[in-house]
Each structure stands twice: as C-alpha cells, then as structure tokens.
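Raw target_26.txt, compact mmCIF, C-alpha atoms:
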```txt
# COMPACT_ATOMS: atom_id res chain seq x y z
CA MET E 1 0.00 0.00 0.00
CA ASP E 2 1.39 3.39 -0.99
CA ARG E 3 1.90 6.07 1.61
CA PRO E 4 -0.12 9.21 0.91
CA SER E 5 1.95 12.15 -0.32
CA ASP E 6 2.42 15.26 1.78
CA ASP E 7 0.07 17.13 -0.59
CA GLU E 8 -2.63 14.49 -0.10
CA LEU E 9 -2.21 14.67 3.68
CA VAL E 10 -2.37 18.48 3.68
CA ALA E 11 -5.60 18.32 1.65
CA ALA E 12 -7.01 15.91 4.25
CA VAL E 13 -5.89 18.22 7.07
CA ALA E 14 -7.70 21.09 5.33
CA SER E 15 -10.93 19.09 5.66
CA GLY E 16 -10.31 18.57 9.39
CA ASP E 17 -8.66 15.11 9.31
CA GLU E 18 -6.69 14.86 12.57
CA ALA E 19 -5.13 11.53 11.54
CA ALA E 20 -3.64 13.20 8.46
CA CYS E 21 -2.17 15.92 10.67
CA ARG E 22 -0.66 13.26 12.95
CA ALA E 23 0.79 11.52 9.88
CA LEU E 24 2.44 14.77 8.77
CA MET E 25 3.80 15.27 12.29
CA ASP E 26 5.14 11.71 12.38
CA ARG E 27 6.82 12.33 9.05
CA HIS E 28 8.32 15.77 9.74
CA LEU E 29 8.46 16.49 13.49
CA ALA E 30 11.97 15.14 14.11
CA ARG E 31 13.46 17.36 11.39
CA MET E 32 11.60 20.44 12.63
CA LEU E 33 12.80 19.79 16.19
CA ALA E 34 16.38 19.32 14.97
CA LEU E 35 16.26 22.53 12.95
CA ALA E 36 14.81 24.56 15.82
CA ARG E 37 17.20 23.02 18.36
CA ARG E 38 20.21 23.98 16.26
CA MET E 39 18.86 27.46 15.58
CA LEU E 40 17.76 28.26 19.13
CA GLY E 41 20.22 26.30 21.22
CA ASN E 42 17.75 24.63 23.57
CA ARG E 43 15.14 21.91 23.46
CA ALA E 44 12.32 23.78 25.23
CA ASP E 45 12.27 26.59 22.67
CA ALA E 46 12.67 24.05 19.86
CA GLU E 47 9.61 22.15 21.06
CA GLU E 48 7.57 25.37 21.19
CA VAL E 49 8.61 26.25 17.64
CA ALA E 50 7.77 22.76 16.39
CA GLN E 51 4.33 23.01 18.01
CA GLU E 52 3.77 26.36 16.33
CA VAL E 53 4.85 24.93 12.96
CA PHE E 54 2.25 22.16 13.13
CA LEU E 55 -0.37 24.52 14.51
CA ARG E 56 0.17 26.54 11.35
CA VAL E 57 -0.16 23.38 9.25
CA TRP E 58 -3.53 22.77 10.93
CA THR E 59 -4.78 26.36 10.56
CA HIS E 60 -3.36 27.10 7.10
CA ALA E 61 -3.82 23.75 5.34
CA GLY E 62 -6.76 25.12 3.35
CA ARG E 63 -4.48 27.68 1.73
CA TRP E 64 -1.88 25.09 0.61
CA GLU E 65 -1.33 25.10 -3.15
CA PRO E 66 0.11 21.75 -4.33
CA GLY E 67 2.82 22.12 -6.93
CA LYS E 68 3.76 25.66 -5.91
CA ALA E 69 6.49 24.37 -3.57
CA GLN E 70 7.35 21.17 -1.76
CA PHE E 71 5.57 20.85 1.56
CA GLY E 72 8.86 20.02 3.32
CA THR E 73 10.40 23.21 1.98
CA TRP E 74 7.44 25.23 3.26
CA LEU E 75 7.73 23.58 6.70
CA HIS E 76 11.45 24.43 6.85
CA ARG E 77 10.68 28.01 5.87
CA VAL E 78 8.01 28.38 8.56
CA ALA E 79 10.28 26.82 11.21
CA THR E 80 13.27 28.94 10.16
CA ASN E 81 11.20 32.14 10.22
CA LEU E 82 9.77 31.29 13.65
CA CYS E 83 13.31 30.66 14.94
CA LEU E 84 14.63 33.91 13.46
CA ASP E 85 11.71 35.82 15.01
CA ARG E 86 12.41 34.24 18.39
CA LEU E 87 16.14 35.04 18.09
CA ARG E 88 15.39 38.66 17.25
CA ARG E 89 13.15 38.97 20.31
CA ARG E 90 15.71 37.57 22.71
CA ARG E 91 18.86 38.90 21.03
CA GLY E 92 21.64 39.18 23.53
CA THR E 93 19.67 37.81 26.50
CA GLU E 94 20.58 34.12 26.52
CA ASP E 95 23.50 32.75 28.47
CA ILE E 96 25.51 30.37 26.28
CA ASP E 97 26.48 28.37 29.39
CA ALA E 98 22.77 27.50 29.83
CA ILE E 99 22.72 25.54 26.55
CA PRO E 100 22.42 21.85 27.40
CA GLU E 101 25.13 19.60 26.08
CA PRO E 102 24.06 16.93 23.60
CA VAL E 103 24.37 13.35 24.80
CA SER E 104 26.85 11.11 22.96
CA GLY E 105 26.24 7.46 22.14
CA GLU E 106 29.94 6.58 22.25
CA PRO E 107 31.15 4.13 24.89
CA GLY E 108 33.56 5.15 27.62
CA PRO E 109 32.90 8.00 30.03
CA ASP E 110 36.14 9.86 29.17
CA ARG E 111 35.37 9.80 25.47
CA GLN E 112 31.75 10.79 26.14
CA LEU E 113 32.90 13.76 28.19
CA GLU E 114 35.33 14.87 25.46
CA GLN E 115 32.64 14.56 22.80
CA ARG E 116 30.08 16.47 24.89
CA GLU E 117 32.58 19.25 25.57
CA LEU E 118 33.49 19.47 21.89
CA ALA E 119 29.82 19.42 20.85
CA ALA E 120 29.06 22.17 23.37
CA ARG E 121 31.90 24.28 21.97
CA VAL E 122 30.67 23.72 18.42
CA ASP E 123 27.10 24.55 19.52
CA ALA E 124 28.33 27.70 21.28
CA ALA E 125 30.28 28.74 18.16
CA LEU E 126 27.19 28.07 16.05
CA GLN E 127 25.03 30.12 18.44
CA ALA E 128 27.53 33.00 18.19
CA LEU E 129 27.06 33.27 14.42
CA PRO E 130 24.80 36.03 13.07
CA GLU E 131 21.24 34.73 12.66
CA ARG E 132 21.20 34.47 8.85
CA GLN E 133 24.59 32.70 8.76
CA ARG E 134 23.39 30.30 11.46
CA ALA E 135 20.19 29.61 9.53
CA ALA E 136 22.16 28.86 6.35
CA MET E 137 24.54 26.53 8.25
CA VAL E 138 21.74 24.66 10.00
CA LEU E 139 19.71 24.21 6.83
CA SER E 140 22.72 23.15 4.77
CA HIS E 141 24.84 21.11 7.16
CA TYR E 142 22.45 19.85 9.83
CA GLN E 143 19.24 19.51 7.84
CA GLY E 144 21.07 18.27 4.73
CA LEU E 145 19.34 20.66 2.33
CA GLY E 146 20.93 21.89 -0.87
CA ASN E 147 21.74 25.53 -1.50
CA ILE E 148 18.77 25.96 -3.83
CA GLU E 149 16.34 24.68 -1.20
CA ALA E 150 18.02 26.71 1.56
CA ALA E 151 17.79 29.83 -0.63
CA ASP E 152 14.09 29.19 -1.20
CA ILE E 153 13.48 28.73 2.55
CA LEU E 154 15.42 31.88 3.45
CA GLY E 155 13.89 33.87 0.59
CA ILE E 156 17.28 34.85 -0.85
CA SER E 157 19.38 33.95 -3.89
CA VAL E 158 21.59 30.86 -4.09
CA GLU E 159 24.60 33.18 -4.30
CA ALA E 160 23.54 34.85 -1.06
CA VAL E 161 23.28 31.43 0.64
CA GLU E 162 26.76 30.54 -0.62
CA SER E 163 28.08 33.84 0.73
CA LEU E 164 26.41 33.25 4.11
CA LEU E 165 27.86 29.73 4.27
CA SER E 166 31.33 30.94 3.33
CA ARG E 167 31.31 33.64 6.01
CA ALA E 168 29.88 31.24 8.59
CA ARG E 169 32.53 28.61 7.85
CA ARG E 170 35.28 31.22 8.19
CA GLN E 171 33.92 32.40 11.55
CA LEU E 172 33.51 28.83 12.79
CA ARG E 173 37.03 27.93 11.65
CA VAL E 174 38.44 30.84 13.66
CA ALA E 175 36.20 30.21 16.67
CA LEU E 176 37.01 26.50 16.74
CA ALA E 177 40.74 26.67 15.87
CA THR E 178 41.70 25.95 19.49
CA GLU E 179 39.35 22.95 19.63
CA ARG E 180 40.82 21.58 16.40
CA ASP E 181 44.36 21.89 17.77
CA GLU E 182 43.34 20.23 21.06
CA LEU E 183 41.57 17.42 19.20
CA LEU E 184 44.64 16.79 17.04
CA ARG E 185 46.90 16.77 20.11
CA SER E 186 44.63 14.35 21.98
CA LYS E 187 44.57 11.99 18.98
CA GLU E 188 48.38 12.09 18.78
CA THR E 189 48.76 11.26 22.46
CA SER E 190 46.21 8.44 22.33
CA ALA E 191 47.80 6.86 19.23
```

Representation of the structure as structure tokens:
Amino acid sequence: MDRPSDDELVAAVASGDEAACRALMDRHLARMLALARRMLGNRADAEEVAQEVFLRVWTHAGRWEPGKAQFGTWLHRVATNLCLDRLRRRRGTEDIDAIPEPVSGEPGPDRQLEQRELAARVDAALQALPERQRAAMVLSHYQGLGNIEAADILGISVEAVESLLSRARRQLRVALATERDELLRSKETSA
C-alpha cells in the first residue's frame, strides 16, 4: 500500500482530518525539532517552535497550493522564520552556558565527556554566528538541504546562501581553531 503524499495529507488536514495531521507530524516532526534546536540552542524553545509549525499546518492547510512548492520546503521556511523571530526577540539575552550539552552514544565516560565538551563548543560557536549565517549553516549542514532549497526557505538567492555559508565557515574555523588543535593533540597522544 502506498503512503499518501504530503500534498494528499495536507488536503485531508484542510478538511479537518486529525489523523492526516498526525501523519504529517510523524513524518516531519523530528526534522523540525532538529532545525529549531540547532537554531535556538535549547530543546524547550525548539519544542515550542515545532508546536507552532504544526499549529500553522492545521490552521493554514486550506491555503496550501500543491505544486507551488514542496511541503517540506514550506515547513522548513516556517520553522526557520519562527526561529529567526524568536532570536530577534531575545537577542543578547541568553547565556551560552545555559545551553544543554548533547548526549553522545559513544562508549567510555572519558570519550563521552570529550565529545560532549566538543559538541558544546561547536554549539556555542554556532550560536555566536549572526542569525542568517546560522540559519544557512543549519539548513545546509544539519538539515542536509541543498543551497537551492536553503535559498528558497530563506527567501534569498543561491549566491547569497553561498556567501552566508562561506562567512559562517570562516567564523567557525576561527572560533574552533583551538578545539581543532586540542583534538589533534589528543589523537596524537592516544595513538
């Protein structure tokens, strides 16, 4: 049995089908949470953004025009815009030390600690990027989207996305140079 397409599910949601909305959430919630978590730096805010994204699916499904854009692209755009709005509202008020460290699946407590510390440093460097650069990095590197799709989500040209990514990579390279050197030294001593 074929799975219904996103467009078919959105049409069903427009007619009040809660099961279709749940199916869309099952299909897309993890990616929306991941996007919002990377953009906002904490799970609580990410969950609120994801809820708002699917609330908008429920309330705006009747306006969906199949074929105009991919539903996944529209979801990413809504989530990205909600994250950018939230970042603008709280600009400069969040303590980077309050960002929870991601949990590693690697064995060994020493290695887990090293990986968590490195991930926290990378997250902190990502959070320090200007909002548009961070959005481009998250969409491209963490969400696995191409530059064309990222440009569509951000409402800018592909060249602008490439420029944002280039500047973000440069800033991350500088911000994480110490971590890279420490990582190389620790690998040399453990070899």

Report summary line: Judged by all atoms listed in the file, the minimum distance to E:Ala36 among E:Ser15, E:Gln112, E:Gln143, E:Thr59 is found for E:Gln143

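Atom pair atom CA of E:Ala175 / atom CA of E:Ala125 has a distance of 6.3 Å (rounded to one decimal).
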
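Each of E:Ala46, E:Ala23, E:Leu165, E:Met137 was compared to E:Ser5 using all atoms listed in the file, and E:Ala23 turns out to be the nearest.
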
Query raised in the report: Of the residues E:Leu82, E:Leu154, E:Leu126, E:Leu172, which is the one nearest to E:Asp45, using all atoms listed in the file?
Result: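 Counting all atoms listed in the file, the residue closest to E:Asp45 is E:Leu82.
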
So which residues are close to (11.5, 21.5, 16.0), meaning at most 12 Å away in the file's coordinates with all atoms listed in the file counted, and can you show them as a CSV table (one decimal) with C-alpha atoms, in the frame of the given file?
```csv
chain,number,residue,atom,x,y,z
E,25,MET,CA,3.8,15.3,12.3
E,28,HIS,CA,8.3,15.8,9.7
E,29,LEU,CA,8.5,16.5,13.5
E,30,ALA,CA,12.0,15.1,14.1
E,31,ARG,CA,13.5,17.4,11.4
E,32,MET,CA,11.6,20.4,12.6
E,33,LEU,CA,12.8,19.8,16.2
E,34,ALA,CA,16.4,19.3,15.0
E,35,LEU,CA,16.3,22.5,13.0
E,36,ALA,CA,14.8,24.6,15.8
E,37,ARG,CA,17.2,23.0,18.4
E,38,ARG,CA,20.2,24.0,16.3
E,39,MET,CA,18.9,27.5,15.6
E,40,LEU,CA,17.8,28.3,19.1
E,41,GLY,CA,20.2,26.3,21.2
E,42,ASN,CA,17.8,24.6,23.6
E,43,ARG,CA,15.1,21.9,23.5
E,44,ALA,CA,12.3,23.8,25.2
E,45,ASP,CA,12.3,26.6,22.7
E,46,ALA,CA,12.7,24.0,19.9
E,47,GLU,CA,9.6,22.2,21.1
E,48,GLU,CA,7.6,25.4,21.2
E,49,VAL,CA,8.6,26.2,17.6
E,50,ALA,CA,7.8,22.8,16.4
E,51,GLN,CA,4.3,23.0,18.0
E,52,GLU,CA,3.8,26.4,16.3
E,53,VAL,CA,4.8,24.9,13.0
E,54,PHE,CA,2.2,22.2,13.1
E,75,LEU,CA,7.7,23.6,6.7
E,76,HIS,CA,11.4,24.4,6.8
E,78,VAL,CA,8.0,28.4,8.6
E,79,ALA,CA,10.3,26.8,11.2
E,80,THR,CA,13.3,28.9,10.2
E,82,LEU,CA,9.8,31.3,13.6
E,83,CYS,CA,13.3,30.7,14.9
E,143,GLN,CA,19.2,19.5,7.8
```

Report task. Kindly extract all protein, DNA and RNA residues lying within 12 Å of the coordinates (26.1, 22.1, 4.9) given in the file, considering only C-alpha atoms, and supply them as a ChimeraX atom specification. Result -> /E:133-147,149-150,161-162,164-166,168-169

Query raised in the report: Between atom CA of E:Val10 and atom CA of E:Ala61, what is the distance, to one decimal in Å?
Result: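 Computing the Euclidean distance for atom CA of E:Val10 and atom CA of E:Ala61 yields 5.7 Å.
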
Query raised in the report: Could you state the separation of atom CA of E:Glu114 and atom CA of E:Arg170 in Å, given to one decimal place?
Result: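 So the answer is 23.8 Å.
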
**Report entry** Polymer residues at most 10 Å from E:Arg121, only C-alpha atoms, same-chain spacing of 2 or more positions, as a ChimeraX atom specification
**Finding:** /E:96,101,115-119,123-127,175-176,179

Query - Top pick for closest residue to E:Arg63, considering E:Leu129, E:Ser163, E:Leu9, E:Ala14 and counting all atoms listed in the file - result: E:Ala14
